[in-house]
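Enquirer: Provided below: query_9.cif, containing mmCIF, C-alpha atoms and all ligand atoms.
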data_coords
#
loop_
_atom_site.label_atom_id
_atom_site.label_comp_id
_atom_site.auth_asym_id
_atom_site.auth_seq_id
_atom_site.Cartn_x
_atom_site.Cartn_y
_atom_site.Cartn_z
CA MET A 81 322.93 75.80 -94.84
CA THR A 82 325.08 72.71 -94.50
CA SER A 83 326.10 70.85 -91.40
CA GLU A 84 329.79 71.53 -92.16
CA LYS A 85 329.34 75.27 -91.63
CA LYS A 86 327.34 75.02 -88.45
CA ILE A 87 328.61 73.94 -85.05
CA ILE A 88 327.25 72.69 -81.76
CA ALA A 89 328.42 75.01 -78.98
CA VAL A 90 329.43 73.42 -75.66
CA GLN A 91 328.98 76.18 -73.09
CA PRO A 92 330.50 75.72 -69.61
CA LEU A 93 328.36 77.42 -66.98
CA GLY A 94 330.18 78.26 -63.79
CA ARG A 95 332.78 75.67 -62.90
CA ALA A 96 332.99 72.67 -65.23
CA ARG A 97 335.80 70.15 -65.59
CA ARG A 98 337.78 70.65 -68.76
CA ASP A 99 338.12 66.91 -69.42
CA VAL A 100 334.35 66.43 -69.06
CA LEU A 101 333.72 69.27 -71.53
CA GLU A 102 336.10 67.69 -74.04
CA VAL A 103 334.44 64.29 -73.68
CA ILE A 104 330.98 65.79 -74.19
CA ALA A 105 332.19 67.77 -77.22
CA ALA A 106 333.84 64.69 -78.77
CA ASN A 107 330.78 62.49 -78.26
CA LEU A 108 328.33 65.04 -79.64
CA GLN A 109 330.55 65.52 -82.68
CA ALA A 110 330.80 61.77 -83.26
CA PHE A 111 327.11 60.97 -82.82
CA PHE A 112 325.56 63.97 -84.56
CA GLN A 113 328.29 64.44 -87.20
CA ILE A 114 328.36 68.17 -86.49
CA ARG A 115 331.53 69.95 -85.42
CA THR A 116 331.58 71.03 -81.78
CA GLU A 117 333.31 73.96 -80.12
CA VAL A 118 333.93 74.37 -76.39
CA PHE A 119 333.22 78.00 -75.49
CA LEU A 120 334.69 80.08 -72.66
CA ASP A 121 333.07 79.87 -69.23
CA GLN A 122 329.96 81.92 -68.56
CA PRO A 123 328.40 82.44 -65.14
CA ILE A 124 325.15 80.63 -64.41
CA PRO A 125 322.40 83.12 -65.31
CA ASP A 126 320.92 85.25 -62.55
CA GLY A 127 317.51 84.10 -61.56
CA ALA A 128 318.22 80.39 -62.07
CA TYR A 129 319.03 79.76 -58.40
CA ASN A 130 316.13 78.74 -56.17
CA SER A 131 317.14 79.38 -52.58
CA GLN A 132 314.28 77.30 -51.15
CA ARG A 133 315.41 74.23 -53.03
CA GLY A 134 319.13 75.03 -53.06
CA GLN A 135 319.12 74.06 -56.75
CA TYR A 136 319.12 75.72 -60.15
CA ASN A 137 316.07 75.86 -62.42
CA CYS A 138 316.76 74.56 -65.94
CA TYR A 139 314.29 76.85 -67.69
CA PRO A 140 315.95 80.25 -67.14
CA ILE A 141 319.29 78.59 -67.99
CA ILE A 142 317.95 77.22 -71.29
CA GLU A 143 316.33 80.58 -72.05
CA SER A 144 319.62 82.39 -71.49
CA LEU A 145 321.54 79.84 -73.60
CA ARG A 146 319.08 80.30 -76.44
CA ILE A 147 319.61 84.07 -76.34
CA SER A 148 323.41 83.85 -76.14
CA LYS A 149 323.77 81.25 -78.90
CA PRO A 150 325.89 82.71 -81.69
CA HIS A 151 324.56 82.54 -85.23
CA HIS A 152 327.07 79.95 -86.42
CA ALA A 153 325.94 77.50 -83.73
CA ILE A 154 322.93 75.40 -84.69
CA LYS A 155 322.61 74.15 -81.10
CA ILE A 156 324.04 75.09 -77.73
CA ILE A 157 324.42 72.85 -74.69
CA GLY A 158 325.26 74.21 -71.25
CA VAL A 159 327.41 72.07 -68.95
CA THR A 160 327.45 72.69 -65.23
CA GLU A 161 328.42 71.08 -61.94
CA VAL A 162 325.48 72.53 -59.99
CA ASP A 163 322.33 70.59 -59.17
CA LEU A 164 319.50 71.19 -61.65
CA PHE A 165 315.75 70.88 -61.33
CA ILE A 166 312.57 71.55 -63.26
CA PRO A 167 309.54 72.54 -61.21
CA ILE A 168 307.74 69.16 -61.49
CA LEU A 169 310.78 67.05 -60.54
CA THR A 170 313.10 66.90 -57.53
CA TYR A 171 316.17 66.93 -59.78
CA VAL A 172 317.21 66.30 -63.38
CA PHE A 173 320.47 65.23 -65.04
CA GLY A 174 319.66 67.53 -67.92
CA GLU A 175 316.89 69.22 -69.84
CA ALA A 176 316.29 70.34 -73.41
CA GLU A 177 313.76 72.10 -75.57
CA LEU A 178 312.10 69.54 -77.84
CA GLY A 179 312.98 70.74 -81.32
CA GLY A 180 314.63 73.87 -79.92
CA ASN A 181 318.20 75.18 -79.91
CA ALA A 182 319.31 74.79 -76.33
CA ALA A 183 319.94 72.09 -73.74
CA VAL A 184 321.70 71.86 -70.39
CA VAL A 185 323.36 68.99 -68.53
CA SER A 186 324.70 68.71 -65.00
CA THR A 187 327.43 66.43 -63.67
CA TYR A 188 326.34 67.06 -60.08
CA ARG A 189 324.67 63.67 -59.63
CA LEU A 190 326.92 61.79 -62.06
CA ALA A 191 330.12 62.04 -60.08
CA ARG A 192 329.09 59.70 -57.24
CA GLY A 193 327.97 56.10 -56.92
CA LYS A 194 325.17 54.48 -54.92
CA ASP A 195 327.07 54.77 -51.63
CA ARG A 196 328.01 58.41 -52.40
CA GLU A 197 331.61 57.40 -53.09
CA PRO A 198 333.17 59.23 -56.06
CA VAL A 199 333.07 57.21 -59.29
CA SER A 200 336.04 56.84 -61.65
CA SER A 201 336.64 59.55 -64.23
CA ARG A 202 335.86 56.98 -66.90
CA ARG A 203 332.41 56.32 -65.46
CA LEU A 204 331.77 60.04 -65.05
CA PHE A 205 332.78 60.63 -68.70
CA GLU A 206 330.44 57.87 -69.91
CA ARG A 207 327.51 59.21 -67.94
CA ALA A 208 328.09 62.81 -69.04
CA ALA A 209 328.38 61.77 -72.70
CA LYS A 210 325.16 59.75 -72.52
CA ILE A 211 323.15 62.56 -70.92
CA ALA A 212 324.53 65.10 -73.39
CA VAL A 213 323.71 62.93 -76.44
CA HIS A 214 320.22 62.22 -75.04
CA GLU A 215 319.44 65.91 -74.40
CA MET A 216 320.88 66.95 -77.76
CA GLY A 217 318.62 64.32 -79.35
CA HIS A 218 315.62 66.13 -77.89
CA THR A 219 316.70 69.38 -79.54
CA PHE A 220 316.54 67.50 -82.86
CA ARG A 221 312.90 66.73 -82.02
CA LEU A 222 313.51 63.15 -80.87
CA PRO A 223 310.97 62.19 -78.18
CA HIS A 224 311.55 59.52 -75.54
CA CYS A 225 311.92 56.10 -77.12
CA LYS A 226 310.29 52.83 -76.07
CA GLU A 227 313.33 50.78 -77.08
CA ASP A 228 315.04 50.15 -73.76
CA ARG A 229 318.62 50.06 -75.04
CA CYS A 230 318.23 53.24 -77.08
CA ILE A 231 319.95 56.34 -75.70
CA MET A 232 316.64 58.22 -76.23
CA SER A 233 314.73 56.03 -73.77
CA SER A 234 314.12 57.85 -70.51
CA PHE A 235 316.55 57.22 -67.65
CA PRO A 236 315.22 58.18 -64.25
CA VAL A 237 318.07 56.53 -62.32
CA LEU A 238 321.83 56.28 -62.69
CA SER A 239 321.91 52.47 -62.81
CA HIS A 240 319.71 52.70 -65.90
CA ILE A 241 322.12 55.16 -67.50
CA ASP A 242 325.08 52.90 -66.73
CA GLU A 243 323.39 49.93 -68.46
CA LYS A 244 323.02 51.79 -71.74
CA THR A 245 325.45 52.11 -74.58
CA ILE A 246 325.39 55.29 -76.64
CA TYR A 247 323.23 53.99 -79.42
CA PHE A 248 320.26 55.26 -81.38
CA CYS A 249 317.75 52.56 -82.30
CA ARG A 250 316.67 52.16 -85.91
CA TYR A 251 313.56 54.22 -85.33
CA CYS A 252 315.47 57.14 -83.79
CA THR A 253 318.20 56.96 -86.45
CA THR A 254 315.55 57.27 -89.18
CA PHE A 255 313.78 60.07 -87.30
CA LEU A 256 317.07 61.97 -86.93
CA ARG A 257 317.92 61.49 -90.61
CA ASP A 258 314.52 62.94 -91.58
CA GLU A 259 315.06 65.87 -89.23
CA TYR A 260 318.49 66.55 -90.80
CA GLU A 261 316.89 66.50 -94.24
CA LYS A 262 314.30 69.04 -93.11
CA LEU A 263 317.13 71.22 -91.77
CA GLY A 264 318.85 70.99 -95.14
CA PHE A 265 321.85 69.00 -93.89
CA ALA A 266 323.70 66.84 -96.34
ZN ZN B 1 314.80 62.89 -72.11
ZN ZN B 2 315.19 54.99 -80.05
#
Step by step, read the file and then write its structure as structure tokens.
Expert:
Amino acid sequence: MTSEKKIIAVQPLGRARRDVLEVIAANLQAFFQIRTEVFLDQPIPDGAYNSQRGQYNCYPIIESLRISKPHHAIKIIGVTEVDLFIPILTYVFGEAELGGNAAVVSTYRLARGKDREPVSSRRLFERAAKIAVHEMGHTFRLPHCKEDRCIMSSFPVLSHIDEKTIYFCRYCTTFLRDEYEKLGFA
């Protein structure tokens, strides 16, 4: 297996802006050096919606992505505009299986600023790319990083995301390189 033959699948779930999908695909390709492909829209899986919370649970979405992932994709990342949660948190920007195949990101909370006014497309693109790279990092077994500037540090709030550049610290770069070696990537 070489990284040239495998791809990262970018899977729109429900409605997702085409330009956002392209930005996510381009950033993942650049930072992980693995070709990306934007797939055709799929509906959000049944059972993900929680009517009490009015939000979608990440876990059934990730489960369904893992099952639908084609063989030639080493990883799959769902992209959606709906609001996501995991049971212990009120909302999340994204979620991933640590060392698994699947991740999901939402632009729901990325599209607006502090005063709820819509942010520029450029800001939305930056935020979406950062979340996608961060979640994809988790699928390559990268845990949260203590280095504040690193894209793998945790980001509970949007202002924290906006301060970051897309950058892996030395520790995370080495960790990722080791993981690639284990996976048999060149
Ligand atoms: Zn994280
Ligand atoms: Zn780091």
Enquirer: At a cut-off of 9 Å and counting all atoms listed in the file, what residues surround ligand ZN 2 (chain B)? Please answer as a PyMOL selection string.
Expert: chain A and resi 222-233+247-253+255
Enquirer: What box, with edges along x, y and z, holds each listed atom of segment 104-119 of chain A when 6 Å is added on every side, and can you state its centre and edge lengths in Å to one decimal, as AutoDock Vina command-line options?
Expert:
--center_x 329.7 --center_y 69.5 --center_z -80.7 --size_x 20.4 --size_y 29.0 --size_z 25.0
Enquirer: Kindly provide, as a ChimeraX atom specification, all nucleotide and amino acid residues lying within 12 Å of ligand ZN 1 (chain B), counting all atoms listed in the file.
Expert: /A:172-178,183-185,210-226,230-236,241
Enquirer: Can you work out which one of A:Gly193, A:Lys86, A:Ile104, A:Asp258 has the shortest atom-to-atom distance to Phe205 of chain A, counting all atoms listed in the file?
Expert: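 For Phe205 of chain A, the nearest of the candidates is A:Ile104.
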Enquirer: What is the distance, in Å and to one decimal place, between atom CA of Val199 of chain A and atom CA of Glu102 of chain A?
Expert: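 Separating atom CA of Val199 of chain A from atom CA of Glu102 of chain A is a distance of 18.3 Å.
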